[in-house]
$ cat target-v5.txt   # compact mmCIF, C-alpha atoms (C1' of nucleotides)
# COMPACT_ATOMS: atom_id res chain seq x y z
CA MET A 55 94.45 137.57 -71.63
CA PRO A 56 94.29 139.02 -68.12
CA ALA A 57 92.57 135.96 -66.71
CA ALA A 58 95.72 134.34 -65.38
CA THR A 59 96.81 137.51 -63.69
CA LEU A 60 93.38 138.05 -62.32
CA ASN A 61 93.32 134.60 -60.84
CA ALA A 62 96.70 134.92 -59.20
CA ASP A 63 95.71 138.28 -57.82
CA THR A 64 92.41 136.94 -56.65
CA LEU A 65 94.15 134.14 -54.86
CA ALA A 66 96.71 136.38 -53.15
CA GLN A 67 93.99 138.84 -52.31
CA ARG A 68 91.61 136.33 -50.84
CA LEU A 69 94.32 134.65 -48.86
CA ALA A 70 95.48 137.98 -47.49
CA ASP A 71 91.92 138.81 -46.53
CA SER A 72 91.95 135.77 -44.31
CA GLY A 73 95.41 136.52 -42.96
CA LEU A 74 97.01 133.72 -44.95
CA ARG A 75 100.01 133.60 -47.23
CA ALA A 76 100.11 132.93 -50.95
CA THR A 77 102.55 130.05 -51.02
CA PRO A 78 103.73 128.33 -54.19
CA GLN A 79 101.89 125.19 -53.20
CA ARG A 80 98.61 127.02 -52.83
CA GLU A 81 99.12 128.72 -56.14
CA VAL A 82 99.82 125.51 -57.98
CA VAL A 83 96.88 123.73 -56.45
CA TYR A 84 94.58 126.57 -57.39
CA GLU A 85 95.98 126.72 -60.93
CA VAL A 86 95.45 123.04 -61.37
CA LEU A 87 91.82 123.43 -60.38
CA LEU A 88 91.30 126.32 -62.76
CA LYS A 89 93.06 124.65 -65.64
CA LYS A 90 91.00 121.49 -65.85
CA ARG A 91 87.61 121.93 -64.33
CA ASP A 92 86.55 118.34 -64.21
CA HIS A 93 85.88 118.20 -60.46
CA PRO A 94 88.97 116.24 -59.50
CA THR A 95 89.42 114.43 -56.20
CA ALA A 96 92.25 115.32 -53.85
CA ASP A 97 94.22 112.40 -55.24
CA GLU A 98 93.76 113.60 -58.78
CA VAL A 99 94.80 117.10 -57.81
CA PHE A 100 97.81 115.60 -56.10
CA ALA A 101 98.81 113.76 -59.25
CA ARG A 102 98.45 116.86 -61.42
CA VAL A 103 100.30 119.09 -59.02
CA LYS A 104 103.17 116.66 -58.72
CA ALA A 105 103.86 117.11 -62.41
CA GLU A 106 104.89 120.67 -61.72
CA ARG A 107 106.09 120.31 -58.18
CA PRO A 108 107.21 116.78 -57.51
CA THR A 109 108.06 117.33 -53.86
CA ILE A 110 104.60 118.34 -52.73
CA SER A 111 102.92 116.01 -50.30
CA LEU A 112 99.39 114.72 -50.27
CA ALA A 113 98.86 116.27 -46.87
CA THR A 114 99.75 119.64 -48.32
CA VAL A 115 97.32 119.18 -51.15
CA TYR A 116 94.61 118.50 -48.61
CA ASN A 117 95.72 121.52 -46.63
CA CYS A 118 95.73 123.78 -49.67
CA LEU A 119 92.35 122.59 -50.84
CA GLU A 120 90.92 123.18 -47.41
CA THR A 121 92.45 126.62 -47.37
CA LEU A 122 91.01 127.50 -50.76
CA VAL A 123 87.62 126.32 -49.63
CA SER A 124 87.80 128.42 -46.51
CA CYS A 125 88.58 131.47 -48.67
CA ASP A 126 85.52 130.79 -50.81
CA LEU A 127 87.60 130.28 -53.90
CA VAL A 128 86.71 126.64 -54.26
CA ARG A 129 83.68 124.53 -53.44
CA THR A 130 83.58 120.92 -52.39
CA VAL A 131 81.29 118.49 -54.13
CA ASN A 132 80.21 115.28 -52.50
CA PHE A 133 78.41 112.36 -54.08
CA GLU A 134 77.26 109.75 -51.67
CA ARG A 135 80.34 108.14 -50.23
CA GLU A 136 82.71 108.97 -53.03
CA PRO A 137 85.83 110.97 -52.32
CA THR A 138 85.29 114.70 -52.14
CA ARG A 139 85.72 116.61 -55.38
CA TYR A 140 86.75 120.21 -55.83
CA CYS A 141 85.22 122.87 -58.02
CA PRO A 142 86.48 126.42 -58.67
CA ASN A 143 83.18 127.55 -60.21
CA LEU A 144 81.94 130.34 -57.97
CA ARG A 145 78.64 131.05 -59.66
CA PRO A 146 75.55 129.52 -58.06
CA HIS A 147 75.22 126.14 -59.67
CA ALA A 148 74.02 122.63 -59.12
CA HIS A 149 75.87 119.43 -59.92
CA PHE A 150 74.80 116.67 -62.21
CA HIS A 151 76.41 113.30 -61.66
CA ASP A 152 76.37 111.11 -64.74
CA ASP A 153 75.91 107.59 -63.46
CA ALA A 154 77.20 106.11 -66.68
CA THR A 155 80.49 107.96 -66.96
CA GLY A 156 80.94 109.12 -63.39
CA ARG A 157 81.50 112.62 -64.69
CA THR A 158 80.21 115.73 -63.00
CA HIS A 159 78.60 118.61 -64.82
CA ASP A 160 77.90 122.10 -63.54
CA ILE A 161 74.35 123.29 -64.01
CA ASP A 162 73.81 127.02 -63.67
CA LEU A 163 71.12 128.01 -61.22
CA PRO A 164 69.13 131.11 -62.16
CA PRO A 165 68.35 133.35 -59.17
CA ALA A 166 64.63 132.79 -59.69
CA VAL A 167 65.01 129.08 -59.13
CA LEU A 168 67.19 129.63 -56.12
CA GLU A 169 64.47 131.84 -54.68
CA LYS A 170 61.80 129.25 -55.34
CA VAL A 171 63.86 126.64 -53.56
CA LYS A 172 64.64 128.83 -50.58
CA ALA A 173 60.92 129.54 -50.32
CA VAL A 174 60.19 125.97 -49.26
CA LEU A 175 61.82 126.60 -45.90
CA PRO A 176 59.36 127.08 -43.06
CA ARG A 177 59.55 130.21 -40.94
CA GLY A 178 62.58 130.17 -38.69
CA PHE A 179 64.84 128.17 -40.95
CA ASP A 180 67.72 130.26 -42.14
CA ALA A 181 69.91 128.57 -44.74
CA ASN A 182 73.36 129.82 -45.50
CA SER A 183 73.98 127.27 -48.18
CA ILE A 184 71.92 125.25 -50.60
CA GLU A 185 73.22 122.25 -52.43
CA ILE A 186 71.39 120.69 -55.33
CA THR A 187 72.57 117.47 -56.85
CA PHE A 188 71.17 115.50 -59.75
CA ARG A 189 71.98 111.97 -60.74
CA GLY A 190 71.12 110.43 -64.04
CA LYS A 191 72.11 110.24 -67.63
CA ALA A 192 73.78 113.27 -69.12
CA ALA A 193 73.64 114.49 -72.67
CA LYS A 194 76.47 112.83 -74.52
CA ALA A 195 78.05 115.69 -76.41
CA VAL A 196 77.98 118.52 -73.95
CA ALA A 197 80.60 121.16 -74.55
CA SER A 198 82.83 120.11 -71.73
CA ASN A 199 84.69 122.57 -69.58
CA ARG A 200 88.23 121.40 -70.05
CA MET B 270 46.18 101.33 -35.12
CA PRO B 271 46.92 99.59 -38.39
CA ALA B 272 50.14 101.47 -38.94
CA ALA B 273 52.43 98.82 -37.50
CA THR B 274 50.82 96.11 -39.55
CA LEU B 275 50.90 98.23 -42.62
CA ASN B 276 54.60 98.84 -42.19
CA ALA B 277 55.40 95.21 -41.64
CA ASP B 278 53.34 94.28 -44.67
CA THR B 279 54.94 96.98 -46.70
CA LEU B 280 58.34 95.69 -45.75
CA ALA B 281 57.54 92.06 -46.53
CA GLN B 282 55.87 93.11 -49.74
CA ARG B 283 58.69 95.28 -50.97
CA LEU B 284 61.28 92.71 -50.10
CA ALA B 285 59.31 90.00 -51.88
CA ASP B 286 59.04 92.24 -54.91
CA SER B 287 62.80 92.21 -55.08
CA GLY B 288 63.04 88.50 -54.41
CA LEU B 289 64.30 89.00 -50.89
CA ARG B 290 63.23 87.61 -47.56
CA ALA B 291 61.73 89.41 -44.60
CA THR B 292 64.16 88.42 -41.90
CA PRO B 293 63.86 89.42 -38.24
CA GLN B 294 66.95 91.56 -38.57
CA ARG B 295 65.53 93.50 -41.49
CA GLU B 296 62.28 93.99 -39.64
CA VAL B 297 63.94 95.30 -36.53
CA VAL B 298 66.17 97.65 -38.44
CA TYR B 299 63.20 99.01 -40.35
CA GLU B 300 61.15 99.39 -37.19
CA VAL B 301 63.94 101.27 -35.52
CA LEU B 302 64.05 103.69 -38.42
CA LEU B 303 60.31 104.21 -38.34
CA LYS B 304 60.14 104.62 -34.61
CA LYS B 305 62.58 107.45 -34.19
CA ARG B 306 62.96 109.46 -37.34
CA ASP B 307 65.97 111.46 -36.41
CA HIS B 308 68.16 110.40 -39.31
CA PRO B 309 70.42 108.06 -37.38
CA THR B 310 73.78 106.84 -38.62
CA ALA B 311 74.45 103.14 -39.07
CA ASP B 312 76.16 103.11 -35.69
CA GLU B 313 73.16 104.67 -34.03
CA VAL B 314 70.83 102.21 -35.69
CA PHE B 315 73.14 99.44 -34.52
CA ALA B 316 72.93 100.66 -30.94
CA ARG B 317 69.14 100.89 -31.02
CA VAL B 318 68.69 97.54 -32.66
CA LYS B 319 70.96 95.84 -30.17
CA ALA B 320 68.53 96.78 -27.42
CA GLU B 321 65.99 94.40 -28.92
CA ARG B 322 68.32 91.95 -30.55
CA PRO B 323 71.65 91.91 -28.77
CA THR B 324 73.28 89.41 -31.08
CA ILE B 325 72.96 91.41 -34.27
CA SER B 326 76.21 92.50 -35.86
CA LEU B 327 77.16 95.83 -37.29
CA ALA B 328 77.77 94.22 -40.65
CA THR B 329 74.19 93.01 -40.65
CA VAL B 330 72.91 96.45 -39.84
CA TYR B 331 74.82 97.78 -42.83
CA ASN B 332 73.45 94.96 -44.95
CA CYS B 333 69.88 95.55 -43.84
CA LEU B 334 70.09 99.27 -44.39
CA GLU B 335 71.50 98.71 -47.83
CA THR B 336 68.69 96.26 -48.56
CA LEU B 337 66.04 98.70 -47.41
CA VAL B 338 67.55 101.39 -49.56
CA SER B 339 67.55 99.12 -52.58
CA CYS B 340 63.84 98.44 -52.00
CA ASP B 341 63.13 102.17 -51.91
CA LEU B 342 61.87 101.99 -48.36
CA VAL B 343 64.66 104.11 -46.98
CA ARG B 344 66.77 106.95 -48.28
CA THR B 345 70.35 107.78 -47.46
CA VAL B 346 71.30 111.27 -46.43
CA ASN B 347 74.84 112.52 -46.74
CA PHE B 348 76.30 115.70 -45.34
CA GLU B 349 79.80 116.44 -46.46
CA ARG B 350 82.06 113.78 -45.02
CA GLU B 351 79.85 112.82 -42.14
CA PRO B 352 78.68 109.25 -41.75
CA THR B 353 75.68 108.35 -43.86
CA ARG B 354 72.30 108.80 -42.25
CA TYR B 355 69.10 106.93 -42.97
CA CYS B 356 65.62 108.29 -43.49
CA PRO B 357 62.36 106.35 -43.94
CA ASN B 358 60.44 109.36 -45.21
CA LEU B 359 59.36 108.46 -48.72
CA ARG B 360 57.75 111.72 -49.71
CA PRO B 361 59.79 114.07 -51.86
CA HIS B 362 61.66 116.20 -49.40
CA ALA B 363 64.86 118.12 -48.88
CA HIS B 364 67.10 118.01 -45.85
CA PHE B 365 68.07 120.83 -43.60
CA HIS B 366 71.22 120.41 -41.58
CA ASP B 367 71.30 122.54 -38.48
CA ASP B 368 74.93 123.53 -38.02
CA ALA B 369 74.38 124.41 -34.39
CA THR B 370 72.79 121.19 -33.19
CA GLY B 371 73.86 118.83 -35.95
CA ARG B 372 70.26 117.79 -36.33
CA THR B 373 68.60 117.05 -39.61
CA HIS B 374 65.13 118.23 -40.55
CA ASP B 375 62.95 117.06 -43.40
CA ILE B 376 61.58 119.82 -45.59
CA ASP B 377 58.66 118.87 -47.80
CA LEU B 378 59.12 119.66 -51.45
CA PRO B 379 55.96 120.69 -53.31
CA PRO B 380 55.74 119.25 -56.82
CA ALA B 381 55.80 122.74 -58.29
CA VAL B 382 59.20 123.42 -56.81
CA LEU B 383 60.50 120.09 -57.93
CA GLU B 384 59.39 120.95 -61.45
CA LYS B 385 61.08 124.32 -61.32
CA VAL B 386 64.29 122.68 -60.24
CA LYS B 387 64.18 119.98 -62.87
CA ALA B 388 63.61 122.69 -65.44
CA VAL B 389 67.14 124.02 -65.00
CA LEU B 390 68.55 120.95 -66.71
CA PRO B 391 69.67 121.54 -70.30
CA ARG B 392 68.22 119.40 -73.05
CA GLY B 393 69.62 115.89 -72.91
CA PHE B 394 70.11 115.69 -69.17
CA ASP B 395 67.81 113.14 -67.65
CA ALA B 396 67.83 113.08 -63.86
CA ASN B 397 66.47 110.14 -61.97
CA SER B 398 67.11 111.68 -58.61
CA ILE B 399 67.37 115.15 -57.16
CA GLU B 400 68.86 115.91 -53.83
CA ILE B 401 68.47 119.24 -52.11
CA THR B 402 70.33 120.03 -48.94
CA PHE B 403 70.32 123.14 -46.82
CA ARG B 404 72.71 124.09 -44.08
CA GLY B 405 72.11 126.80 -41.57
CA LYS B 406 70.26 127.67 -38.44
CA ALA B 407 66.96 125.92 -37.83
CA ALA B 408 63.98 127.22 -35.97
CA LYS B 409 64.42 126.24 -32.37
CA ALA B 410 61.03 124.85 -31.47
CA VAL B 411 60.06 122.85 -34.50
CA ALA B 412 57.63 120.07 -33.78
CA SER B 413 60.15 117.30 -34.05
CA ASN B 414 59.38 113.98 -35.60
CA ARG B 415 60.30 111.69 -32.76
C1' DC C 271 61.17 63.98 -43.31
C1' DT C 272 65.79 65.23 -45.13
C1' DT C 273 68.77 66.93 -48.57
C1' DG C 274 70.08 70.63 -51.33
C1' DC C 275 70.65 75.10 -52.07
C1' DA C 276 70.20 79.92 -52.20
C1' DC C 277 69.82 83.45 -49.11
C1' DC C 278 71.38 85.61 -44.68
C1' DT C 279 74.03 86.64 -40.84
C1' DT C 280 78.24 87.15 -38.48
C1' DA C 281 83.04 88.47 -36.70
C1' DG C 282 86.88 90.15 -37.93
C1' DA C 283 90.11 91.69 -41.36
C1' DA C 284 90.84 94.94 -44.99
C1' DT C 285 90.19 99.27 -47.43
C1' DC C 286 90.67 103.91 -48.28
C1' DA C 287 89.80 108.84 -47.87
C1' DT C 288 90.97 111.96 -44.70
C1' DT C 289 93.05 113.87 -40.51
C1' DC C 290 96.46 114.10 -37.09
C1' DC C 291 101.12 114.55 -35.36
C1' DA C 292 105.63 115.92 -34.62
C1' DA C 293 109.46 117.54 -36.92
C1' DT C 294 111.37 120.60 -40.09
C1' DT C 295 111.49 124.60 -43.20
C1' DG C 296 110.62 129.20 -44.71
C1' DC C 297 109.81 133.84 -44.05
C1' DC C 298 109.08 138.24 -41.89
C1' DT C 299 109.85 141.55 -37.89
C1' DG C 300 112.43 143.53 -34.66
C1' DC D 90 121.02 137.63 -36.47
C1' DA D 91 117.08 135.99 -33.23
C1' DG D 92 112.52 134.87 -32.38
C1' DG D 93 108.40 133.28 -33.82
C1' DC D 94 104.59 132.14 -36.42
C1' DA D 95 102.89 130.05 -40.63
C1' DA D 96 103.36 126.20 -43.85
C1' DT D 97 104.90 121.97 -45.39
C1' DT D 98 106.02 117.25 -44.94
C1' DG D 99 105.94 112.00 -44.25
C1' DG D 100 104.11 108.81 -41.78
C1' DA D 101 101.05 107.14 -38.44
C1' DA D 102 96.30 107.10 -36.91
C1' DT D 103 91.38 107.31 -37.55
C1' DG D 104 86.93 105.88 -38.71
C1' DA D 105 83.17 104.67 -41.72
C1' DT D 106 82.33 101.26 -44.70
C1' DT D 107 83.08 96.99 -47.35
C1' DC D 108 84.89 92.52 -47.94
C1' DT D 109 85.69 87.70 -46.80
C1' DA D 110 85.09 83.33 -45.28
C1' DA D 111 82.52 80.56 -42.31
C1' DG D 112 78.50 79.13 -40.49
C1' DG D 113 73.10 79.45 -40.05
C1' DT D 114 68.18 79.19 -41.88
C1' DG D 115 64.28 78.02 -44.22
C1' DC D 116 61.89 76.42 -48.08
C1' DA D 117 61.17 73.10 -51.98
C1' DA D 118 61.72 68.82 -54.27
C1' DG D 119 62.05 64.33 -53.91

$ encode --input "target-v5.txt" --output "structure tokens"
Amino acid sequence: MPAATLNADTLAQRLADSGLRATPQREVVYEVLLKKRDHPTADEVFARVKAERPTISLATVYNCLETLVSCDLVRTVNFEREPTRYCPNLRPHAHFHDDATGRTHDIDLPPAVLEKVKAVLPRGFDANSIEITFRGKAAKAVASNR
Amino acid sequence: MPAATLNADTLAQRLADSGLRATPQREVVYEVLLKKRDHPTADEVFARVKAERPTISLATVYNCLETLVSCDLVRTVNFEREPTRYCPNLRPHAHFHDDATGRTHDIDLPPAVLEKVKAVLPRGFDANSIEITFRGKAAKAVASNR
DNA sequence: CTTGCACCTTAGAATCATTCCAATTGCCTG
DNA sequence: CAGGCAATTGGAATGATTCTAAGGTGCAAG
């Protein structure tokens, strides 16, 4: 399975592209995000990372997450005033927040829909990002992305 | 111009529907939101309200805003980690965040687009709210909604 | 009226995610 | 090895928001 290698390479590559180094901390943080894609908060990432690297600090986790975001390897997800969550899914997708469980689901966005949405912008508005968020009740037995 | 009356009535009506009272504070906060629709933060609302009612407290402004939101007279708008903004526009609309100016613009959402977007949800997902947010560069001379 | 009571407002303290800061530490280049 | 920049770290600081406890306010029943 070349996925792990690919990811590590991707990380090193992307970091290098931005003139940044591939430190162990950054690698572990990124791995943690890839391993369990349940949109964890920084605190949750911190807890998971500590299992493998007990000396890491919360500040570093924030730094690493911010770095990964700036390299376009990770997206942030915000729901109202809740703590920011992190998502390594790079395909265009929306987020569905299940009010009952608090869980977040990725919803793929077909290009056609994205186009339709962009088309609502009046002349002169130039969007470089679109964020679509649903809230409601999710299907119970969705194949989850653990 | 019956607009002012209509608004006041609407407010009193909606509050009553929820078993709440139409207090002077709630009225002023609502008026402030209607008067200048620039998506102010709670702090900004506080500042504007104090002009008319110097004794009001920030806590009350938060309370009033929360009350108005719960009556569906006002919507909250969140951009990343920025302070929450408040919007009295009740029509279905998206928000466009101008990265250059920090200003927020309402973008009307035609029902057809809303349908298209809802259609991306897999069977079993039942959304009771959809939020669409753009970021980018806005047209410079948009007729603003002051 | 006037008493009771539920609803509101208020100031200030508390919370909590996130950022900042200043001090190392690590790593590469010369 | 020396210099220097990039990263990490722990703890302090920040800032929006919420909580708390202590009065107000207004209506309804007696």

$ atom_distance --input "target-v5.txt" --atom1 "atom CA of Ser287 of chain B" --atom2 "atom CA of Tyr299 of chain B"
16.2 Å

$ closest_atom_pairs --input "target-v5.txt" --of "chain A" --to "chain D" --cutoff "10 Å" --atoms "all atoms listed in the file" --output "JSON lines"
{"residue": "A:Leu74", "atom": "CA", "partner": "D:DA95", "partner_atom": "C1'", "distance": 8.2}
{"residue": "A:Arg75", "atom": "CA", "partner": "D:DA95", "partner_atom": "C1'", "distance": 8.0}
{"residue": "A:Thr77", "atom": "CA", "partner": "D:DA96", "partner_atom": "C1'", "distance": 8.2}
{"residue": "A:Gln79", "atom": "CA", "partner": "D:DT97", "partner_atom": "C1'", "distance": 9.0}
{"residue": "A:Thr109", "atom": "CA", "partner": "D:DT98", "partner_atom": "C1'", "distance": 9.2}
{"residue": "A:Ile110", "atom": "CA", "partner": "D:DT98", "partner_atom": "C1'", "distance": 8.0}
{"residue": "A:Ser111", "atom": "CA", "partner": "D:DT98", "partner_atom": "C1'", "distance": 6.3}
{"residue": "A:Leu112", "atom": "CA", "partner": "D:DT98", "partner_atom": "C1'", "distance": 8.9}
{"residue": "A:Ala113", "atom": "CA", "partner": "D:DT98", "partner_atom": "C1'", "distance": 7.5}
{"residue": "A:Thr114", "atom": "CA", "partner": "D:DT97", "partner_atom": "C1'", "distance": 6.4}
{"residue": "A:Val115", "atom": "CA", "partner": "D:DT97", "partner_atom": "C1'", "distance": 9.9}
{"residue": "A:Asn117", "atom": "CA", "partner": "D:DT97", "partner_atom": "C1'", "distance": 9.3}
{"residue": "A:Cys118", "atom": "CA", "partner": "D:DA96", "partner_atom": "C1'", "distance": 9.9}
{"residue": "A:Arg135", "atom": "CA", "partner": "D:DT106", "partner_atom": "C1'", "distance": 9.0}

$ residues_near_point --input "target-v5.txt" --point "(70.1, 125.3, -52.2)" --cutoff "10 Å" --atoms "all atoms listed in the file" --output "number ranges by chain"
A: 146-148, 163, 167-172, 181-187; B: 363, 365, 400-404

$ interface_residues --input "target-v5.txt" --of "chain C" --to "chain B" --cutoff "8 Å" --atoms "all atoms listed in the file" --output "JSON, numbers by chain"
{"C": [277, 279, 280, 281]}

$ residues_around --input "target-v5.txt" --residues "Leu144 of chain A" --least-positions-apart "2" --cutoff "10 Å" --atoms "all atoms listed in the file" --output "PyMOL selection string"
chain A and resi 126-129+141-142+146-147

$ atom_distance --input "target-v5.txt" --atom1 "atom CA of Lys191 of chain A" --atom2 "atom CA of Ala154 of chain A"
6.6 Å

$ atom_distance --input "target-v5.txt" --atom1 "atom CA of Lys89 of chain A" --atom2 "atom CA of Thr138 of chain A"
18.5 Å

$ closest_residue --input "target-v5.txt" --among "B:Glu349, B:Asp286, B:Asp307, B:Asp312" --to "Thr373 of chain B" --atoms "all atoms listed in the file"
B:Asp307

$ closest_residue --input "target-v5.txt" --among "A:Thr130, A:Asn143, A:Ser124, A:Thr64" --to "chain B" --atoms "only C-alpha atoms"
A:Thr130
